[in-house]
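Asker: This is protein.csv (CSV, C-alpha atoms).
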chain,number,residue,atom,x,y,z
A,1,MET,CA,2.9,26.3,28.1
A,2,THR,CA,2.6,29.9,26.9
A,3,PRO,CA,-0.7,30.6,25.2
A,4,LEU,CA,-0.6,31.2,21.5
A,5,ARG,CA,-1.1,34.7,20.2
A,6,ASP,CA,-3.4,35.3,17.3
A,7,HIS,CA,-0.6,35.0,14.8
A,8,ASP,CA,1.0,31.9,16.4
A,9,ASP,CA,-0.6,29.3,14.1
A,10,LEU,CA,2.4,27.0,13.8
A,11,GLY,CA,3.4,24.3,16.2
A,12,THR,CA,6.8,22.7,16.2
A,13,THR,CA,7.4,19.1,17.1
A,14,PRO,CA,9.8,17.8,19.8
A,15,HIS,CA,11.9,16.3,17.1
A,16,GLY,CA,12.6,19.6,15.4
A,17,GLY,CA,10.7,18.5,12.3
A,18,ARG,CA,8.5,20.5,10.0
A,19,PRO,CA,6.0,22.6,11.8
A,20,LEU,CA,2.4,21.5,12.0
A,21,LEU,CA,-0.5,23.9,11.6
A,22,ARG,CA,-2.8,24.0,14.6
A,23,PRO,CA,-5.8,26.1,15.6
A,24,VAL,CA,-5.0,29.2,17.7
A,25,GLY,CA,-5.0,28.1,21.3
A,26,GLY,CA,-5.7,24.5,20.5
A,27,PRO,CA,-3.7,21.3,20.0
A,28,ALA,CA,-2.0,20.3,16.8
A,29,PRO,CA,-4.5,18.6,14.5
A,30,LEU,CA,-2.2,15.7,13.7
A,31,ALA,CA,-1.3,13.1,16.4
A,32,LEU,CA,1.9,12.0,14.7
A,33,ASP,CA,4.9,14.2,14.7
A,34,ALA,CA,6.3,16.0,11.6
A,35,ALA,CA,9.1,13.5,11.0
A,36,ALA,CA,6.5,10.6,10.8
A,37,ALA,CA,4.2,12.7,8.6
A,38,ASP,CA,7.1,13.4,6.2
A,39,LEU,CA,8.1,9.7,6.1
A,40,LEU,CA,4.7,8.4,5.4
A,41,PHE,CA,3.2,11.2,3.3
A,42,ARG,CA,4.9,14.6,2.6
A,43,GLU,CA,8.4,13.4,1.6
A,44,ALA,CA,7.4,10.0,0.3
A,45,HIS,CA,7.6,9.6,-3.5
A,46,THR,CA,6.9,6.8,-6.0
A,47,ALA,CA,10.2,5.3,-6.9
A,48,TYR,CA,11.3,4.3,-10.4
A,49,ARG,CA,15.0,3.3,-9.8
A,50,PHE,CA,16.5,1.7,-6.7
A,51,THR,CA,19.8,1.0,-5.1
A,52,ASP,CA,20.9,-2.6,-4.8
A,53,GLU,CA,20.5,-2.7,-1.0
A,54,PRO,CA,18.3,-5.7,-0.3
A,55,VAL,CA,14.9,-5.8,1.3
A,56,SER,CA,14.8,-8.5,4.0
A,57,ASP,CA,12.1,-10.9,5.0
A,58,ALA,CA,12.2,-9.3,8.5
A,59,GLN,CA,11.3,-6.0,6.9
A,60,MET,CA,8.4,-7.4,5.0
A,61,ARG,CA,7.1,-9.2,8.0
A,62,ALA,CA,7.2,-5.9,9.9
A,63,VAL,CA,5.3,-4.3,7.1
A,64,HIS,CA,2.7,-7.0,7.3
A,65,GLU,CA,2.4,-6.6,11.1
A,66,LEU,CA,1.3,-3.0,10.4
A,67,VAL,CA,-0.8,-3.5,7.3
A,68,LYS,CA,-2.8,-6.4,8.7
A,69,TRP,CA,-4.8,-3.8,10.7
A,70,ALA,CA,-6.1,-2.1,7.6
A,71,PRO,CA,-9.9,-1.9,7.5
A,72,THR,CA,-11.9,-4.1,5.1
A,73,ALA,CA,-15.6,-4.8,4.9
A,74,ILE,CA,-16.7,-7.5,7.4
A,75,ASN,CA,-12.9,-7.9,8.1
A,76,GLY,CA,-12.7,-9.9,4.9
A,77,GLN,CA,-9.0,-9.3,4.2
A,78,PRO,CA,-8.9,-10.5,0.6
A,79,MET,CA,-5.5,-9.2,-0.4
A,80,ARG,CA,-2.6,-11.6,-0.8
A,81,VAL,CA,1.1,-10.7,-1.3
A,82,THR,CA,3.5,-12.7,-3.4
A,83,LEU,CA,7.1,-11.7,-2.9
A,84,VAL,CA,9.0,-12.4,-6.2
A,85,ARG,CA,12.5,-13.3,-5.0
A,86,SER,CA,13.9,-16.0,-7.3
A,87,ALA,CA,15.5,-15.1,-10.6
A,88,VAL,CA,13.3,-17.5,-12.5
A,89,ALA,CA,10.1,-15.9,-11.0
A,90,ARG,CA,11.4,-12.4,-11.6
A,91,ASP,CA,12.1,-13.2,-15.3
A,92,ARG,CA,8.6,-14.6,-15.7
A,93,LEU,CA,7.0,-11.5,-14.1
A,94,ILE,CA,9.1,-9.0,-16.0
A,95,ALA,CA,8.0,-10.6,-19.3
A,96,ARG,CA,4.4,-9.9,-18.3
A,97,LEU,CA,5.0,-6.2,-17.6
A,98,ALA,CA,4.3,-3.4,-20.0
A,99,PRO,CA,7.5,-2.5,-21.8
A,100,GLY,CA,7.8,0.8,-19.9
A,101,ASN,CA,7.6,-0.9,-16.6
A,102,ARG,CA,10.3,-3.6,-17.1
A,103,ALA,CA,13.4,-1.5,-16.3
A,104,LYS,CA,11.7,-0.3,-13.1
A,105,ALA,CA,11.1,-3.9,-11.9
A,106,GLN,CA,14.6,-4.9,-12.9
A,107,SER,CA,16.1,-2.2,-10.8
A,108,ALA,CA,14.1,-3.1,-7.6
A,109,PRO,CA,15.6,-5.4,-5.1
A,110,LEU,CA,12.2,-6.8,-4.4
A,111,VAL,CA,8.9,-7.0,-6.4
A,112,ALA,CA,5.6,-7.9,-4.9
A,113,ILE,CA,2.5,-9.1,-6.7
A,114,LEU,CA,-0.7,-8.0,-5.0
A,115,SER,CA,-3.8,-10.1,-5.6
A,116,TYR,CA,-7.1,-10.9,-4.1
A,117,ASP,CA,-8.2,-14.3,-3.0
A,118,LEU,CA,-11.4,-15.5,-4.5
A,119,ASP,CA,-11.8,-17.9,-1.5
A,120,PHE,CA,-11.4,-15.1,1.1
A,121,HIS,CA,-14.9,-16.0,2.3
A,122,GLU,CA,-13.6,-19.3,3.6
A,123,THR,CA,-11.7,-17.5,6.3
A,124,LEU,CA,-14.7,-15.5,7.5
A,125,PRO,CA,-15.6,-17.9,10.4
A,126,GLU,CA,-12.1,-17.3,11.7
A,127,VAL,CA,-11.8,-13.5,11.2
A,128,LEU,CA,-15.4,-12.6,11.8
A,129,PRO,CA,-16.5,-15.0,14.6
A,130,SER,CA,-19.3,-12.6,15.6
A,131,SER,CA,-21.2,-13.5,12.3
A,132,PRO,CA,-20.8,-17.3,11.9
A,133,LYS,CA,-23.0,-17.3,8.8
A,134,ALA,CA,-21.2,-14.5,6.9
A,135,ARG,CA,-19.5,-17.0,4.6
A,136,ASP,CA,-22.9,-18.1,3.2
A,137,GLY,CA,-23.5,-14.7,1.7
A,138,PHE,CA,-20.6,-15.2,-0.8
A,139,ALA,CA,-21.8,-18.2,-2.7
A,140,ASP,CA,-21.9,-16.1,-5.9
A,141,GLU,CA,-18.4,-15.8,-7.4
A,142,ALA,CA,-19.2,-12.5,-9.0
A,143,ALA,CA,-19.9,-11.0,-5.6
A,144,ARG,CA,-16.5,-12.3,-4.4
A,145,HIS,CA,-14.8,-10.6,-7.3
A,146,ALA,CA,-16.4,-7.3,-6.5
A,147,PHE,CA,-15.6,-7.6,-2.9
A,148,GLY,CA,-12.0,-8.7,-3.5
A,149,SER,CA,-11.2,-6.0,-6.0
A,150,PHE,CA,-12.5,-3.1,-3.9
A,151,ASN,CA,-11.2,-4.3,-0.5
A,152,GLY,CA,-8.0,-5.5,-2.0
A,153,ALA,CA,-7.3,-2.1,-3.4
A,154,LEU,CA,-8.0,-0.6,0.0
A,155,GLN,CA,-5.5,-2.9,1.6
A,156,ALA,CA,-3.0,-2.1,-1.2
A,157,ALA,CA,-3.0,1.6,-0.2
A,158,TYR,CA,-2.2,0.6,3.4
A,159,PHE,CA,0.5,-1.8,2.1
A,160,MET,CA,2.4,1.1,0.4
A,161,ILE,CA,2.2,3.2,3.6
A,162,GLY,CA,3.5,0.2,5.5
A,163,VAL,CA,6.4,0.0,3.0
A,164,ARG,CA,7.2,3.6,3.7
A,165,ALA,CA,7.0,3.0,7.4
A,166,ALA,CA,9.9,0.5,7.0
A,167,GLY,CA,12.0,3.3,5.5
A,168,LEU,CA,11.6,2.0,2.0
A,169,ALA,CA,10.0,3.3,-1.2
A,170,ALA,CA,7.2,1.8,-3.2
A,171,GLY,CA,6.7,1.9,-7.0
A,172,PRO,CA,3.2,0.6,-7.8
A,173,MET,CA,2.5,-0.5,-11.4
A,174,GLY,CA,-0.8,-1.4,-13.0
A,175,GLY,CA,0.6,-1.9,-16.5
A,176,PHE,CA,0.9,-5.6,-16.8
A,177,ASP,CA,-0.7,-8.7,-18.4
A,178,LYS,CA,-3.0,-9.7,-15.5
A,179,ALA,CA,-4.2,-12.9,-17.1
A,180,GLY,CA,-0.7,-13.9,-17.9
A,181,VAL,CA,0.6,-13.2,-14.4
A,182,ASP,CA,-2.4,-15.1,-13.0
A,183,ALA,CA,-1.6,-18.1,-15.2
A,184,ASP,CA,2.1,-18.0,-14.2
A,185,PHE,CA,1.8,-17.4,-10.5
A,186,PHE,CA,-1.8,-18.5,-9.6
A,187,PRO,CA,-2.5,-21.5,-11.9
A,188,ASP,CA,-5.3,-22.8,-9.7
A,189,GLY,CA,-7.3,-19.8,-10.7
A,190,ARG,CA,-8.2,-18.8,-7.1
A,191,GLN,CA,-6.3,-15.5,-7.0
A,192,ARG,CA,-6.5,-12.4,-9.2
A,193,SER,CA,-3.6,-10.0,-9.5
A,194,PHE,CA,-4.3,-6.3,-9.6
A,195,LEU,CA,-1.1,-4.5,-8.8
A,196,VAL,CA,2.7,-5.0,-9.0
A,197,VAL,CA,4.8,-3.0,-6.5
A,198,ASN,CA,8.5,-2.4,-6.7
A,199,ILE,CA,10.1,-2.1,-3.2
A,200,GLY,CA,13.5,-0.9,-2.1
A,201,HIS,CA,15.7,2.1,-1.3
A,202,PRO,CA,15.3,4.7,-4.0
A,203,ALA,CA,18.4,5.7,-6.1
A,204,ALA,CA,19.5,9.3,-6.0
A,205,ASP,CA,17.9,9.9,-9.4
A,206,GLY,CA,15.1,7.3,-8.8
A,207,GLN,CA,12.2,9.7,-8.1
A,208,PHE,CA,10.6,12.5,-10.0
A,209,PRO,CA,10.0,15.9,-8.5
A,210,ARG,CA,6.8,16.3,-6.5
A,211,SER,CA,3.9,17.0,-8.8
A,212,PRO,CA,1.2,19.5,-7.6
A,213,ARG,CA,-1.7,18.3,-5.4
A,214,LEU,CA,-5.2,19.8,-5.3
A,215,PRO,CA,-5.8,22.0,-2.3
A,216,TYR,CA,-8.3,21.3,0.5
A,217,GLU,CA,-10.8,23.8,-0.9
A,218,ARG,CA,-11.1,22.0,-4.2
A,219,VAL,CA,-11.3,18.5,-2.7
A,220,VAL,CA,-13.4,18.9,0.5
A,221,SER,CA,-17.0,20.1,0.7
A,222,VAL,CA,-19.5,20.2,3.5
A,223,ALA,CA,-23.0,18.9,3.0
Give the structure from the file, written as structure tokens.
Answerer:
Amino acid sequence: MTPLRDHDDLGTTPHGGRPLLRPVGGPAPLALDAAAADLLFREAHTAYRFTDEPVSDAQMRAVHELVKWAPTAINGQPMRVTLVRSAVARDRLIARLAPGNRAKAQSAPLVAILSYDLDFHETLPEVLPSSPKARDGFADEAARHAFGSFNGALQAAYFMIGVRAAGLAAGPMGGFDKAGVDADFFPDGRQRSFLVVNIGHPAADGQFPRSPRLPYERVVSVA
């Protein structure tokens, strides 16, 4: 490979995608190619309107097979996903959404409720076999709420990236009656909803233009 000159700070990918910045004389700083970076991050937008193309169970299983590797404290994995497919369940959910979110959910071919399981600690002997007594540290339900809400949100971020990896768009919504959704979908009281996500192929007019993002210099500091 021809060495880079001082002004050669752009590297192109083998797929002919968007160039990636790289240090002069060094490797590209990203391991994934430009097409993948566009799909997962740079060209991915929140969707508000969708086409009627369905989202299959196979696609959602494939999403899970990626998302299950997301990091959580002590491998607790508290997030649960409820795919709202039936018309009856969809109507119940839409009635619990904030008015401004109802048309978005009605447009989506699939809507998912993300919740955290208050009994996640019961699976710790299975998912954390190296610490057989870890479950005993969560006798306090308030501690399980704190753990579930934080780590569930972490998993939710990975969930939306997984949706993008399937070639789909996600439309997360926090505006809904959480107590009402919990009563309708989790009547045993053991799960707490925290996010509703519309999933599908975005309509041609279903995404807003990209809003500005803060630059590296205003976000990152060195201590």
Asker: Write out as a list in words which residues come within 8 Å of Gln207 (chain A) when counting all atoms listed in the file, dropping same-chain ones fewer than 6 positions away.
Answerer: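 The contact residues come out as His45, Thr46, Ala47, Tyr48 and Arg49 of chain A.
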Asker: What gap, in Å, lies between CA of Asp188 (chain A) and CA of Gln59 (chain A)?
Answerer: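 Between CA of Asp188 (chain A) and CA of Gln59 (chain A) the gap is 28.9 Å.
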Asker: Need to verify the contact set: Gln77 (chain A), 9 Å, all atoms listed in the file, exclusion of same-chain residues closer than 3 positions in sequence. Can you return it as a list in words?
Answerer: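 After dropping sequence-adjacent residues, the list is Lys68, Ala70, Pro71, Thr72, Ala73, Ile74, Arg80, Tyr116, Asp117, Phe120, Thr123, Val127, Gly148, Asn151, Gly152 and Gln155 of chain A.
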Asker: Using all atoms listed in the file, pick whichever of A:Gly167, A:Pro215, A:Pro129, A:Pro54 has the shortest atom-to-atom distance to Gly76 (chain A).
Answerer: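 The answer is A:Pro129, which sits nearest to Gly76 (chain A).
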Asker: Nearest to Gln191 (chain A): which of A:Ala156, A:Val163, A:Ala203, A:Arg144 is it, counting all atoms listed in the file?
Answerer: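 Among A:Ala156, A:Val163, A:Ala203, A:Arg144, it is A:Arg144 that comes nearest to Gln191 (chain A).
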Asker: Scan for residues within 10 Å of the point (16.3, -0.3, 2.9) in the coordinates of the file, using all atoms listed in the file, and reply as a list of chain:residue names.
Answerer: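 Nearby residues: A:Phe50, A:Thr51, A:Asp52, A:Glu53, A:Pro54, A:Val55, A:Ser56, A:Gln59, A:Pro109, A:Val163, A:Arg164, A:Ala166, A:Gly167, A:Leu168, A:Ala169, A:Ile199, A:Gly200, A:His201, A:Pro202.
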Asker: Suppose you want the space between CA of Ala105 (chain A) and CA of Arg90 (chain A); what is it in Å?
Answerer: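 The value is 8.5 Å.
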Asker: Arg92 (chain A): which residues within 10 Å, counting all atoms listed in the file, same-chain residues fewer than 3 positions away excluded, as an mmCIF file with C-alpha atoms, keeping the file's coordinate frame?
Answerer:
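Below you can see result.cif, which holds the result:
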data_model
loop_
_atom_site.group_PDB
_atom_site.id
_atom_site.type_symbol
_atom_site.label_atom_id
_atom_site.label_comp_id
_atom_site.auth_asym_id
_atom_site.auth_seq_id
_atom_site.Cartn_x
_atom_site.Cartn_y
_atom_site.Cartn_z
ATOM 1 C CA VAL A 84 9.000 -12.400 -6.200
ATOM 2 C CA ALA A 87 15.500 -15.100 -10.600
ATOM 3 C CA VAL A 88 13.300 -17.500 -12.500
ATOM 4 C CA ALA A 89 10.100 -15.900 -11.000
ATOM 5 C CA ALA A 95 8.000 -10.600 -19.300
ATOM 6 C CA ARG A 96 4.400 -9.900 -18.300
ATOM 7 C CA LEU A 97 5.000 -6.200 -17.600
ATOM 8 C CA GLY A 180 -0.700 -13.900 -17.900
ATOM 9 C CA VAL A 181 0.600 -13.200 -14.400
ATOM 10 C CA ASP A 184 2.100 -18.000 -14.200
ATOM 11 C CA PHE A 185 1.800 -17.400 -10.500
#
Asker: Given all atoms listed in the file as the basis, pick out the residue of A:Asp57, A:Phe138, A:Leu93, A:Val67 nearest to Ala179 (chain A).
Answerer: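 Of A:Asp57, A:Phe138, A:Leu93, A:Val67, the one nearest Ala179 (chain A), counting all atoms listed in the file, is A:Leu93.
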Asker: Between CA of Arg210 (chain A) and CA of Ala44 (chain A), measure the distance and give it in Å to one decimal.
Answerer: 9.3 Å
Asker: Name the closest residue to Trp69 (chain A) among the candidates A:Ala142, A:Met173, A:Val219, A:Leu154; distances are taken between atoms, counting all atoms listed in the file.
Answerer: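 For Trp69 (chain A), the nearest of the given residues is A:Leu154.
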Asker: Considering all atoms listed in the file, state which residue in the set A:Ser115, A:Ser107, A:Ser211, A:Ser86 is at the smallest distance from Asp182 (chain A).
Answerer: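 Once distances to Asp182 (chain A) are computed over all atoms listed in the file, the minimum belongs to A:Ser115.
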Asker: Of the candidates A:Phe186, A:Gly171, A:Val111, A:Asp119, which shows the shortest atom-to-atom distance to Asp91 (chain A), using only C-alpha atoms?
Answerer: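 For Asp91 (chain A), the nearest of the candidates is A:Val111.
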